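Visitor: I have a structure here, written as structure tokens, and I will follow up with some questions on it.
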Amino acid sequence: MSVVFEKPKSLTDAVLHYCPGCTHGIIHRLVAEVIDELGIEGETIGVAPVGCAVMAYNYFTCDFVQAAHGRAPAVATGVKRSDPSKIVFTYQGDGDLAAIGTAETVHSAARRENITVIFVNNAIYGMTGGQMAPTTLPGQVTQTSPYGRDVETVGYPVKVCELLSNVDGAAYVERVAVNNVKNIKNAKKAIKKAFQNQIEGKGFSLVEVVSTCPTNWGMTPEKALEWVDEKMLPYYPLGVYKDIYAEEEAK
Amino acid sequence: MAKVTFKTDLCKGCSLCVGACPKGIVKLSETKLNAKGHHPAEVTEPEKCIGCAFCATMCPDCVITVER
Amino acid sequence: MSEKVLMKGNEAIAEAAIQAGCHHYFGYPITPQTEVAAYMAKRMPKIGGTFLQAESEVSAINMVIGVASTGKRVMTSSSSPGVSLKAEGISYLAGCDLPAVVVNVQRGGPGLGGIQPSQSDYFQSTKGGGHGDYRNIVLAPASVQEMASLTVKAFDLADKYSMVSMILADGTMGQMMEPVSLDVGEVKTYEKPWALTGTKCEREHNIVNSLYLKPEELEVKNFERYEKYKSIEENEVMYEEYLMDDAEVCVVAFGITSRVAKNAINEARANGVKVGMIRPITLWPFPKKVLADAADKCKAFICVEMNMGQMIEDVELAIRCKKPVYLCNRVGGMIPSPEEVLAKINEVNENGGAF
């Protein structure tokens, strides 16, 4: 018998602080598996966000810098410009990337900054206890939308992949999910491509991972996976939103 | 022939592995409690395991190692 | 480059930074400092460095954090409203103990204020600006030559103490042209074992971080940082004394106002008034001791400032309010004239000294 599945070596032995059933843990593992498979652990520098994943620096074995809320793509730009031979990735949530850090997100994409962005969308602010996020669904109840998100007064969710698909500089933008084994396999492929692109100098690659927040959604982890299928994915359809190299090949 | 082992003390009892198992053999223990106070996941009928690693794929906490 | 060249103050800062080994610059246009960015945009591509115009001052300072975390020398520059936007990043640099140089070519405020020179960011630079307990080293140049030499000094101090050094200039200093030598001498380099350079799978990962959820750990970090600040206060104070040997009235001024004050002092001396000046070059650490000593000899102090009286508080503290301290100021982008300063010197010389 041989081992067919174990913890990737690019993850430390630190116990993840995430709530039971939170899919951050799956996404961390996928990133670490990709780092292992590409053999880039010693050359990778991560940028941690503010939010639930703030302590990502404790979980990956590579060098890490913790950025202010929303500023991870700007910090990553500095790291990458300092040493373009390093593989630089950010790991950000929806509040971080799509609200307070919208400018940094859009402009790092516009510059085709050669970085990899892992964007975890679970439609809520998790760390602060479940407030409305830029990606909270219409009608979704949160602590700061207690009667459900009313689009008449607070507007509509931001669809990051659709938005970035219109930014010329963005090289590769894909939305994936991690709510079942099949989706997880696809998510890993996308994450691997986003890192591979950077290694090949192809420029800004972002993978949006539709994730869960059982605690703040107020449901069991298993129910949360179903909620992704029922509510999240119809609003945030999976797929490749931009891939300039595939488009060029197709021509 | 396949084998799954659980780092029981890392398990948070979220049961995502339970729903992922195509053979329905992963369960949360009804009797044991781990160091965190959760009922940890375990395999009830190991001989039925096909080593598909679906349970490990769904586990957010790297609790499960699969051998085949 | 020992011969002198004629340069604008803003350009002198930019070239001196490059000479000091800064090959990464991030900026955003704002009057009256834009020449720094324009100069960097021309020079950096020629030396294989990075010039990047960010989408905001917020983004620029965070790009600075990125480069600083890899251990390389890096700078950003702005003017007052832009420095307010950088305050968050400056606090993070302090919390992460990262070295960087931030240039503020001040203009009038608050708000959008004006575009004429000012010194009204004294509090912001020396007392914080961002959140949390921290200090910046603050250097105040009073000539184009000092714009260059203090920039070089700022990089050295930033690396030596792993913290932010700020150049606090103003619109006049930025725009004026003077001959300047860019001979920076030998540039010292510092070991940075904490830098993010990739582990090469040969060492534990380095983490650059300002988050400490355990209060006892955060307290220790703050105490340690203030031990460092204490040693800076003991070792790095810089000031200029002008005609202080027999002075009875002591003018205190920094940057452009110190030049105006010098003219007024010369005029007053010609009329037999015993007046001198202490010019702080480091605004933090503030030259407390020389001022305290002066308080034993002088009967009164005059702060000449282009703000509503900010440095005056530090002067009063430094001399423990032993002698009266008067304010001679203009604000809103106005510069005090030598005549105004002279009138204040004469008034204080005749009536000052008594509380």
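Chain labels follow the order of the structure tokens: the first chain is A, the next B, and so on; residue numbering restarts at 1 in every chain, and ligands are counted from 1 in their shown order.
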Would you kindly report the residues of chain C within 6 Å of chain A, using only C-alpha atoms, as a list in words?

Guide: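 In the required form, that comes to Ser59, Asn62, Met63, Ile65, Gly66, Val67, Leu196, Gly198, Thr199, Lys200, Cys201, His205, Asn206, Ile207, Val208 and Asn209 of chain C.
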
Visitor: Excluding range 25-41 of chain B and its own-chain neighbours fewer than 2 positions away, which residues fall within 7 Å of it when counting only C-alpha atoms? Please give them as a PyMOL selection string.

Guide: chain B and resi 8-9+11-13+15+17-18+21+23+43-45

Visitor: If you measure from CA of Lys86 in chain C to CA of Ser56 in chain C, what distance in Å do you get, rounded to one decimal?

Guide: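 Separation between CA of Lys86 in chain C and CA of Ser56 in chain C: 9.2 Å.
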
Visitor: Can you tell me which residues surround range 145-153 of chain A at a distance of at most 8 Å, considering only C-alpha atoms, apart from same-chain residues fewer than 6 positions away, and format the answer as a list of chain:residue names?

Guide: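 What passes the distance filter is A:Gln131, A:Met132, A:Thr136, A:Leu137, A:Pro138, A:Gly139.
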
Visitor: Can you write just those residues out, N, CA and C atoms, as an mmCIF file, in the first residue's frame?

Guide:
data_model
loop_
_atom_site.group_PDB
_atom_site.id
_atom_site.type_symbol
_atom_site.label_atom_id
_atom_site.label_comp_id
_atom_site.auth_asym_id
_atom_site.auth_seq_id
_atom_site.Cartn_x
_atom_site.Cartn_y
_atom_site.Cartn_z
ATOM 1 N N GLN A 131 -21.394 40.020 9.115
ATOM 2 C CA GLN A 131 -22.059 41.197 8.557
ATOM 3 C C GLN A 131 -22.181 41.079 7.032
ATOM 4 N N MET A 132 -22.991 41.995 6.462
ATOM 5 C CA MET A 132 -23.206 42.002 5.022
ATOM 6 C C MET A 132 -21.893 42.285 4.286
ATOM 7 N N THR A 136 -22.745 39.555 -0.524
ATOM 8 C CA THR A 136 -23.956 39.005 0.103
ATOM 9 C C THR A 136 -25.101 39.018 -0.908
ATOM 10 N N LEU A 137 -25.817 37.912 -0.967
ATOM 11 C CA LEU A 137 -26.865 37.759 -1.989
ATOM 12 C C LEU A 137 -28.075 38.641 -1.680
ATOM 13 N N PRO A 138 -28.814 39.066 -2.718
ATOM 14 C CA PRO A 138 -30.057 39.807 -2.473
ATOM 15 C C PRO A 138 -30.973 38.991 -1.563
ATOM 16 N N GLY A 139 -31.469 39.628 -0.536
ATOM 17 C CA GLY A 139 -32.370 38.939 0.384
ATOM 18 C C GLY A 139 -31.677 38.189 1.505
#

Visitor: Please, which residues of range 71-211 of chain A, numbered as in this document, come out strand (DSSP E or B) from DSSP, as a PyMOL selection string?

Guide: chain A and resi 87-93+116-121+125+131+142+145+172-177+205-210

Visitor: If you measure from CA of Val173 in chain A to CA of Gly89 in chain C, what distance in Å do you get, rounded to one decimal?

Guide: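 Calculated distance between CA of Val173 in chain A and CA of Gly89 in chain C is 28.5 Å.
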
Visitor: Write out as an MDAnalysis selection string each polymer residue whose atoms come within 9 Å of range 14-26 of chain A, counting only C-alpha atoms; drop sequence neighbours fewer than 3 positions from it.

Guide: (chainID A and resid 11 29:31 52:53 55:56 58:59 120 178:179 184 211:215 220:222 224) or (chainID B and resid 10:16 57:62)

Visitor: Could you dump the residues just selected with N, CA and C atoms as a short mmCIF file (atom, residue, chain, number, x, y, z; two decimals), in the first residue's frame?

Guide:
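Full text of result00.cif as output:
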data_model
loop_
_atom_site.label_atom_id
_atom_site.label_comp_id
_atom_site.auth_asym_id
_atom_site.auth_seq_id
_atom_site.Cartn_x
_atom_site.Cartn_y
_atom_site.Cartn_z
N LEU A 11 2.03 22.90 4.01
CA LEU A 11 1.25 23.35 5.17
C LEU A 11 2.04 23.02 6.43
N ARG A 29 -5.48 23.91 1.67
CA ARG A 29 -4.82 22.66 1.28
C ARG A 29 -4.57 22.63 -0.23
N LEU A 30 -5.56 23.09 -1.01
CA LEU A 30 -5.38 23.08 -2.47
C LEU A 30 -4.20 23.95 -2.88
N VAL A 31 -4.10 25.13 -2.27
CA VAL A 31 -2.97 26.02 -2.59
C VAL A 31 -1.65 25.32 -2.24
N CYS A 52 -11.00 36.35 8.15
CA CYS A 52 -10.79 35.02 8.75
C CYS A 52 -9.43 34.44 8.42
N ALA A 53 -8.92 34.74 7.22
CA ALA A 53 -7.65 34.13 6.79
C ALA A 53 -6.43 34.94 7.21
N MET A 55 -4.55 34.81 9.63
CA MET A 55 -3.42 34.04 10.15
C MET A 55 -2.94 32.96 9.19
N ALA A 56 -3.24 33.14 7.91
CA ALA A 56 -2.74 32.21 6.89
C ALA A 56 -1.23 32.05 7.00
N ASN A 58 0.50 31.54 9.45
CA ASN A 58 0.87 30.45 10.36
C ASN A 58 0.72 29.08 9.72
N TYR A 59 -0.03 29.00 8.65
CA TYR A 59 -0.41 27.69 8.11
C TYR A 59 0.41 27.25 6.90
N VAL A 120 -11.54 34.24 -1.87
CA VAL A 120 -12.50 33.35 -1.22
C VAL A 120 -13.81 34.11 -0.98
N VAL A 178 -15.91 24.76 -3.87
CA VAL A 178 -15.31 23.63 -3.15
C VAL A 178 -16.38 22.89 -2.34
N ASN A 179 -17.60 22.84 -2.88
CA ASN A 179 -18.68 22.24 -2.10
C ASN A 179 -18.90 20.76 -2.40
N ILE A 184 -14.05 20.48 -6.13
CA ILE A 184 -12.73 20.67 -5.51
C ILE A 184 -11.62 20.32 -6.51
N SER A 211 -17.12 29.75 -1.38
CA SER A 211 -16.82 29.04 -0.15
C SER A 211 -18.04 29.09 0.77
N THR A 212 -17.88 28.59 1.97
CA THR A 212 -19.02 28.58 2.90
C THR A 212 -18.67 29.30 4.19
N CYS A 213 -19.69 29.61 4.96
CA CYS A 213 -19.50 30.11 6.31
C CYS A 213 -20.62 29.55 7.17
N PRO A 214 -20.52 28.25 7.51
CA PRO A 214 -21.62 27.61 8.26
C PRO A 214 -22.00 28.39 9.52
N THR A 215 -20.99 28.88 10.23
CA THR A 215 -21.26 29.56 11.50
C THR A 215 -22.14 30.78 11.29
N THR A 220 -25.69 23.94 9.39
CA THR A 220 -24.66 22.92 9.57
C THR A 220 -23.70 22.97 8.38
N PRO A 221 -22.48 22.47 8.56
CA PRO A 221 -21.53 22.47 7.44
C PRO A 221 -22.08 21.76 6.21
N GLU A 222 -22.77 20.64 6.41
CA GLU A 222 -23.30 19.91 5.25
C GLU A 222 -24.40 20.71 4.56
N ALA A 224 -24.61 23.88 4.54
CA ALA A 224 -23.94 25.01 3.88
C ALA A 224 -23.46 24.62 2.48
N LEU B 10 -7.32 16.29 15.54
CA LEU B 10 -7.49 17.46 14.68
C LEU B 10 -8.93 17.61 14.20
N CYS B 11 -9.74 16.54 14.38
CA CYS B 11 -11.10 16.52 13.82
C CYS B 11 -12.00 17.49 14.59
N LYS B 12 -12.77 18.28 13.82
CA LYS B 12 -13.71 19.22 14.43
C LYS B 12 -15.15 18.71 14.33
N GLY B 13 -15.30 17.48 13.87
CA GLY B 13 -16.63 16.88 13.83
C GLY B 13 -17.59 17.55 12.87
N CYS B 14 -17.07 18.13 11.78
CA CYS B 14 -17.94 18.89 10.87
C CYS B 14 -18.77 17.98 9.99
N SER B 15 -18.32 16.74 9.83
CA SER B 15 -19.01 15.68 9.09
C SER B 15 -19.06 15.88 7.58
N LEU B 16 -18.21 16.77 7.04
CA LEU B 16 -18.16 16.88 5.57
C LEU B 16 -17.68 15.57 4.94
N THR B 57 -10.56 14.48 0.67
CA THR B 57 -10.68 15.64 -0.21
C THR B 57 -11.61 16.68 0.40
N MET B 58 -12.68 16.23 1.04
CA MET B 58 -13.64 17.17 1.64
C MET B 58 -13.20 17.70 2.99
N CYS B 59 -12.24 17.01 3.64
CA CYS B 59 -11.87 17.40 5.01
C CYS B 59 -11.13 18.73 5.00
N PRO B 60 -11.66 19.74 5.72
CA PRO B 60 -10.98 21.05 5.74
C PRO B 60 -9.75 21.07 6.65
N ASP B 61 -9.53 20.01 7.43
CA ASP B 61 -8.50 20.08 8.46
C ASP B 61 -7.38 19.05 8.30
N CYS B 62 -7.26 18.47 7.13
CA CYS B 62 -6.18 17.51 6.86
C CYS B 62 -6.12 16.42 7.93
#

Visitor: Hey, can you check how far CA of Asn122 in chain A sits from CA of Glu162 in chain A?

Guide: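 Going from CA of Asn122 in chain A over to CA of Glu162 in chain A, I get 16.6 Å.
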
Visitor: Tell me which of A:Asp36, A:Ala190, A:Val228, A:Gly169 sits closest to Lys7 in chain A, counting only C-alpha atoms.

Guide: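 Closest candidate: A:Asp36.
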
Visitor: I'd like to know which of C:Ala294, C:Ala87, C:Val275, C:Val260 is closest to Glu339 in chain C, using only C-alpha atoms.

Guide: C:Val260

Visitor: What's around Ala53 in chain B at 9 Å? Count only C-alpha atoms, leave out sequence neighbours fewer than 5 positions away in its own chain, and write the answer as a list in words.

Guide: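 Skipping anything fewer than 5 positions along the chain leaves Val4 and Phe5 of chain A; Val4, Cys21, Met58, Ile64, Thr65, Val66 and Glu67 of chain B.
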
Visitor: As JSON, numbers by chain, please: every residue in chain B that a backbone DSSP assignment puts in helix (DSSP H, G or I).

Guide: {"B": [8, 9, 10, 16, 17, 18, 19, 20, 46, 47, 48, 54, 55, 56, 57, 58]}

Visitor: For the residues in the current selection, export N, CA and C atoms as an mmCIF file, in the first residue's frame.

Guide:
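Result written to again-v6.cif:
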data_model
loop_
_atom_site.group_PDB
_atom_site.id
_atom_site.type_symbol
_atom_site.label_atom_id
_atom_site.label_comp_id
_atom_site.auth_asym_id
_atom_site.auth_seq_id
_atom_site.Cartn_x
_atom_site.Cartn_y
_atom_site.Cartn_z
ATOM 1 N N THR B 8 -7.192 11.927 14.846
ATOM 2 C CA THR B 8 -8.459 12.154 15.534
ATOM 3 C C THR B 8 -8.525 13.489 16.278
ATOM 4 N N ASP B 9 -7.393 13.873 16.870
ATOM 5 C CA ASP B 9 -7.444 15.092 17.691
ATOM 6 C C ASP B 9 -7.571 16.378 16.869
ATOM 7 N N LEU B 10 -7.315 16.286 15.542
ATOM 8 C CA LEU B 10 -7.488 17.463 14.682
ATOM 9 C C LEU B 10 -8.928 17.610 14.205
ATOM 10 N N LEU B 16 -18.207 16.765 7.036
ATOM 11 C CA LEU B 16 -18.157 16.876 5.575
ATOM 12 C C LEU B 16 -17.681 15.567 4.945
ATOM 13 N N CYS B 17 -16.810 14.839 5.657
ATOM 14 C CA CYS B 17 -16.329 13.555 5.147
ATOM 15 C C CYS B 17 -17.454 12.524 5.116
ATOM 16 N N VAL B 18 -18.361 12.646 6.067
ATOM 17 C CA VAL B 18 -19.456 11.675 6.178
ATOM 18 C C VAL B 18 -20.310 11.708 4.906
ATOM 19 N N GLY B 19 -20.652 12.938 4.495
ATOM 20 C CA GLY B 19 -21.480 13.075 3.294
ATOM 21 C C GLY B 19 -20.751 12.725 2.017
ATOM 22 N N ALA B 20 -19.393 12.769 2.057
ATOM 23 C CA ALA B 20 -18.622 12.550 0.830
ATOM 24 C C ALA B 20 -18.404 11.074 0.527
ATOM 25 N N PRO B 46 -14.136 -0.829 7.832
ATOM 26 C CA PRO B 46 -12.943 -0.552 7.039
ATOM 27 C C PRO B 46 -12.794 -1.468 5.822
ATOM 28 N N GLU B 47 -13.300 -2.667 5.917
ATOM 29 C CA GLU B 47 -13.124 -3.595 4.795
ATOM 30 C C GLU B 47 -13.870 -3.137 3.542
ATOM 31 N N LYS B 48 -14.842 -2.242 3.698
ATOM 32 C CA LYS B 48 -15.594 -1.761 2.543
ATOM 33 C C LYS B 48 -14.930 -0.571 1.852
ATOM 34 N N PHE B 54 -12.308 10.507 -1.187
ATOM 35 C CA PHE B 54 -13.312 11.590 -1.192
ATOM 36 C C PHE B 54 -13.413 12.227 0.195
ATOM 37 N N CYS B 55 -13.362 11.370 1.231
ATOM 38 C CA CYS B 55 -13.461 11.890 2.601
ATOM 39 C C CYS B 55 -12.333 12.881 2.878
ATOM 40 N N ALA B 56 -11.106 12.481 2.472
ATOM 41 C CA ALA B 56 -9.932 13.336 2.714
ATOM 42 C C ALA B 56 -10.010 14.604 1.873
ATOM 43 N N THR B 57 -10.563 14.477 0.673
ATOM 44 C CA THR B 57 -10.684 15.641 -0.207
ATOM 45 C C THR B 57 -11.613 16.683 0.398
ATOM 46 N N MET B 58 -12.675 16.230 1.043
ATOM 47 C CA MET B 58 -13.641 17.169 1.635
ATOM 48 C C MET B 58 -13.197 17.696 2.991
#

Visitor: Return the single residue from A:Met219, A:Asn114, A:Thr144, A:Ala171 that is closest to chain B, with distances computed using only C-alpha atoms.

Guide: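 Of the candidates, the smallest distance to chain B is held by A:Met219.
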
Visitor: Given the choices A:Val176, A:Ile115, A:Leu206, A:Leu164, which gets closest to Lys188 in chain A if the distance is worked out from only C-alpha atoms?

Guide: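 Between A:Val176, A:Ile115, A:Leu206, A:Leu164, the residue approaching Lys188 in chain A most closely is A:Val176.
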
Visitor: So, with only C-alpha atoms as the atoms that count, which of A:Arg175, A:Lys231, A:Lys223, A:Lys182 lies closest to Val117 in chain A?

Guide: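 Smallest separation from Val117 in chain A among the options: A:Arg175.
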
Visitor: In terms of the shortest atom-to-atom distance over only C-alpha atoms, which of A:Lys192, A:Glu249, A:Val181, A:Tyr91 is closest to chain B?

Guide: A:Val181
